[in-house]
Every structure is written in C-alpha cells, then in structure tokens.
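Read the structure below first, then the notes.
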Amino acid sequence: MSISVRFQSLRDNTIGEYATRFVFGGAMCVIAGLTATHYGPVIAGLLMAFPAIFPASATLLADHEKRKMKKIGRDGNLRGRAAAAIDAEGTTLGCIGLAAFAIIVCKMLPHHSATLTLLFATAAWLIVSTAGWFLRRRL
Amino acid sequence: MTDLILRFLLGGVIVSAFSVIAEVLRPKRFAGLFGAAPSVALATLPMTIHSNGAAYAAIEARSMIAGAIAFLIYAWCVSRILIRGKHTTLLTTTALLPLWIAAAAGLYWIFLRGLA
C-alpha cells in the first residue's frame, strides 16, 4: 500500500477532539517548562519525549473505527483496537526518528544556529522514521 | 506568566498540526509515525534557547534520547497488548504510562544521573 492523503478524514473529528489535542499539547509544553525551572534540563529533557497526547489520539482513532463499524451494524471493538495497535506500531518506528532528532539537536546545537539545527533535526526525524516504515514493510 | 501562556499556545498549535497531518495520512501504520513527532521539542526548544542558551537546550536534547527510548518501549507494549488483550484502547494506553516513567527513570539512573 502506498502513502496517500485523505482530507475527508478531517470531517470525522469534532471541535472537541481538536480542542483535546490542543490542550494536551499545550499543557505538556507548560509542564516541560516548569520542570526545567524546578528540576533542571536533564529531567525536563526526558519529558520532551513523554507520550502526552498518544493515549488521546489512539483512543480517538479507535472510537472512529468503532463508529464506522456501528453504522453498518457491526461491533467495532475489535476493529478499533486493531486500528490503535497498528497506529502504535507506527509510533514505535517514529520513536527511532525521535531519538535521531534528539541526537542531532544535542550534537549540532552548541555549534550551529538554532533554526538550522531544528530544521536539520526535523528532517532527520522524518527520514529515519520513513526509512524504518519502508524497512518494516519489506520484512 | 507570559512565557507559560506562550508555551501553551505554541505547544497546542504544533501538537495539533502534527495530529492533523497524521489524521489525513494513509496507511495507518505510516500515520502512526506522527504519534512520535518531535512536537513538544519543537515548541519548547526555541523558547529554551532564547531564555537559557544553546548549551542548556543541548542538555535537554541529550535527556530526550532516553525519553524517546522509553517511548519506544511504551508504544511497542501498547501495540502488543492491544492486539492480544481485550481491554479498551483508553485503558491500555493510560494504564501503561507508568511503564514510560519506569523506563525513563531507569535510563536516567543508568546514563544521566549526576550529569549536568
């Protein structure tokens, strides 16, 4: 299966679901900032990879699948869990990219501009994660 | 206070943006990559660099490597348990969050304790 974009999926979400992600994301950044102030950068850095919005995103995904199955009169519990499990498997690959992002920021930031470092690290995250996905597909 | 409000807004926008990208992408396993997007880091690092300097932010990034490994362990366990178990997605994903804390704490204890 090749990579594709389906904008219709955005219609499945309610304003409340978007707001949930916004609030969780914002709250996580505030917590990371407060942690850095009180406990220092070593502890705060760990929190930058905390799966803050993962439970909310996975649950919303499972609920969407359940609703789809309910519309055609089927029990969607199993389908919902399977969709969330597949999503989590993808996230596992994304974590390898996240580690690559962190390594590049750690090594490049003291010697290069912040903008260049963050651009390069984000590109590395995308390349490493996508390479992992292609490799996983071939296995 | 202004700093915290700015962090909240920036974090909310960047996390939401990555969520929207994940929402429209297919197949689902590929979209799942965006569940581990560096959204919190992209929202907080520029502000940290601005207020505390690049060296301080680099220390945060070094710890983030351990956080990412803990996230990998957590996401892998969530995936296995959701496929084999009978519990809801919400229960599984939230009940396993202490696993991230334990893994991150263990990595901190082994590699980061005592480092500046």
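Each chain in the structure tokens gets a letter, A, B and so on, in the order shown; residues start at 1 in every chain, and ligands are counted from 1 in the order they appear.
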
Near Ala27 of chain A, within 9 Å and counting only C-alpha atoms, which residues show up once chain neighbours fewer than 4 positions away are dropped, as a list in words?
Phe22, Val23, Ile31, Ala32 and Ala52 of chain A; Arg7, Phe8, Gly11 and Gly12 of chain B

With N, CA and C atoms retained, could you export that selection as an mmCIF file, in the first residue's frame?
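What landed in result10.cif:
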```
data_model
loop_
_atom_site.group_PDB
_atom_site.id
_atom_site.type_symbol
_atom_site.label_atom_id
_atom_site.label_comp_id
_atom_site.auth_asym_id
_atom_site.auth_seq_id
_atom_site.Cartn_x
_atom_site.Cartn_y
_atom_site.Cartn_z
ATOM 1 N N PHE A 22 -5.179 20.040 21.396
ATOM 2 C CA PHE A 22 -4.565 21.355 21.621
ATOM 3 C C PHE A 22 -4.217 21.523 23.102
ATOM 4 N N VAL A 23 -5.181 21.193 23.968
ATOM 5 C CA VAL A 23 -4.984 21.382 25.411
ATOM 6 C C VAL A 23 -3.890 20.441 25.937
ATOM 7 N N ILE A 31 4.269 21.976 31.262
ATOM 8 C CA ILE A 31 4.856 21.084 32.277
ATOM 9 C C ILE A 31 6.364 20.937 32.045
ATOM 10 N N ALA A 32 6.764 20.785 30.771
ATOM 11 C CA ALA A 32 8.201 20.652 30.459
ATOM 12 C C ALA A 32 8.955 21.915 30.876
ATOM 13 N N ALA A 52 2.445 12.266 25.767
ATOM 14 C CA ALA A 52 1.344 13.023 26.362
ATOM 15 C C ALA A 52 0.036 12.887 25.594
ATOM 16 N N ARG B 7 4.155 29.289 25.760
ATOM 17 C CA ARG B 7 4.482 27.862 25.647
ATOM 18 C C ARG B 7 3.225 27.045 25.370
ATOM 19 N N PHE B 8 2.153 27.372 26.133
ATOM 20 C CA PHE B 8 0.893 26.633 25.988
ATOM 21 C C PHE B 8 0.340 26.783 24.567
ATOM 22 N N GLY B 11 2.742 25.168 21.950
ATOM 23 C CA GLY B 11 2.644 23.706 22.089
ATOM 24 C C GLY B 11 1.346 23.178 21.514
ATOM 25 N N GLY B 12 0.251 23.852 21.843
ATOM 26 C CA GLY B 12 -1.065 23.438 21.335
ATOM 27 C C GLY B 12 -1.112 23.466 19.823
#
```

Select, as a ChimeraX atom specification, those residues of chain B with any atom no more than 6 Å from chain A (distances computed using only C-alpha atoms).
/B:4,7-9,11-12,15-16,24-26,28-30,32-33,35-36,40-41,54-55,58,60-65,67-68,72,75-76,79,82-83,89-90,93

As a PyMOL selection string, please: every residue in segment 8-116 of chain B that DSSP puts in alpha helix (DSSP H).
chain B and resi 8-24+28-31+39-52+54-84+89-95+97-107

Given the selection you just returned, output its residues as a file containing C-alpha atoms, formatted as a short mmCIF file (atom, residue, chain, number, x, y, z; two decimals), in the first residue's frame.
```cif
data_model
loop_
_atom_site.label_atom_id
_atom_site.label_comp_id
_atom_site.auth_asym_id
_atom_site.auth_seq_id
_atom_site.Cartn_x
_atom_site.Cartn_y
_atom_site.Cartn_z
CA PHE B 8 0.89 26.63 25.99
CA LEU B 9 -0.26 28.28 22.75
CA LEU B 10 2.82 27.27 20.75
CA GLY B 11 2.64 23.71 22.09
CA GLY B 12 -1.07 23.44 21.33
CA VAL B 13 -0.62 24.69 17.76
CA ILE B 14 2.39 22.46 16.91
CA VAL B 15 0.94 19.31 18.52
CA SER B 16 -2.40 19.92 16.75
CA ALA B 17 -0.63 20.48 13.42
CA PHE B 18 1.18 17.12 13.65
CA SER B 19 -2.12 15.45 14.70
CA VAL B 20 -3.88 16.84 11.62
CA ILE B 21 -1.07 15.55 9.36
CA ALA B 22 -1.37 12.11 11.00
CA GLU B 23 -5.15 12.22 10.55
CA VAL B 24 -5.05 12.68 6.76
CA LYS B 28 -2.47 3.99 9.35
CA ARG B 29 0.90 2.46 10.27
CA PHE B 30 2.62 5.28 8.37
CA ALA B 31 0.38 7.89 10.02
CA SER B 39 6.14 18.40 18.52
CA VAL B 40 6.78 19.19 22.21
CA ALA B 41 10.50 19.63 21.49
CA LEU B 42 9.82 21.98 18.55
CA ALA B 43 7.51 24.05 20.75
CA THR B 44 9.76 24.26 23.80
CA LEU B 45 13.34 24.27 22.42
CA PRO B 46 13.22 27.69 20.68
CA MET B 47 11.99 29.29 23.92
CA THR B 48 14.59 27.43 25.98
CA ILE B 49 17.38 28.50 23.60
CA HIS B 50 16.13 32.09 23.81
CA SER B 51 15.97 32.18 27.61
CA ASN B 52 18.73 29.76 28.74
CA ALA B 54 22.05 26.64 23.33
CA ALA B 55 24.20 24.63 25.80
CA TYR B 56 21.24 24.29 28.21
CA ALA B 57 18.92 23.18 25.38
CA ALA B 58 21.54 20.64 24.21
CA ILE B 59 21.45 19.07 27.71
CA GLU B 60 17.66 18.78 27.40
CA ALA B 61 18.08 17.13 23.99
CA ARG B 62 20.56 14.61 25.44
CA SER B 63 17.92 13.54 28.00
CA MET B 64 15.34 13.43 25.25
CA ILE B 65 17.23 10.47 23.71
CA ALA B 66 16.42 8.46 26.87
CA GLY B 67 12.81 9.70 26.76
CA ALA B 68 12.49 8.54 23.14
CA ILE B 69 13.79 5.04 24.02
CA ALA B 70 11.25 4.90 26.89
CA PHE B 71 8.53 5.99 24.41
CA LEU B 72 9.59 3.21 22.01
CA ILE B 73 9.25 0.60 24.80
CA TYR B 74 5.85 2.03 25.79
CA ALA B 75 4.46 2.17 22.21
CA TRP B 76 5.66 -1.36 21.44
CA CYS B 77 3.96 -2.74 24.58
CA VAL B 78 0.74 -0.81 23.79
CA SER B 79 0.72 -2.28 20.29
CA ARG B 80 1.25 -5.89 21.52
CA ILE B 81 -1.32 -5.64 24.32
CA LEU B 82 -3.98 -4.02 22.09
CA ILE B 83 -3.65 -6.83 19.56
CA ARG B 84 -3.72 -9.67 22.10
CA THR B 89 -7.67 1.46 23.98
CA LEU B 90 -8.07 4.20 26.62
CA LEU B 91 -7.43 1.78 29.49
CA THR B 92 -4.44 0.16 27.77
CA THR B 93 -2.74 3.40 26.74
CA THR B 94 -3.22 5.13 30.12
CA ALA B 95 -2.51 2.07 32.29
CA LEU B 97 2.01 5.23 31.05
CA PRO B 98 3.83 4.19 34.27
CA LEU B 99 5.89 1.92 32.01
CA TRP B 100 7.24 5.04 30.24
CA ILE B 101 8.01 6.59 33.64
CA ALA B 102 9.79 3.41 34.81
CA ALA B 103 11.80 3.08 31.58
CA ALA B 104 12.74 6.79 31.56
CA ALA B 105 13.68 6.66 35.26
CA GLY B 106 15.80 3.55 34.67
CA LEU B 107 17.64 5.12 31.74
#
```

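One distance worth recording is that between atom CA of Lys86 of chain B and atom CA of Lys68 of chain A, which is 19.7 Å.
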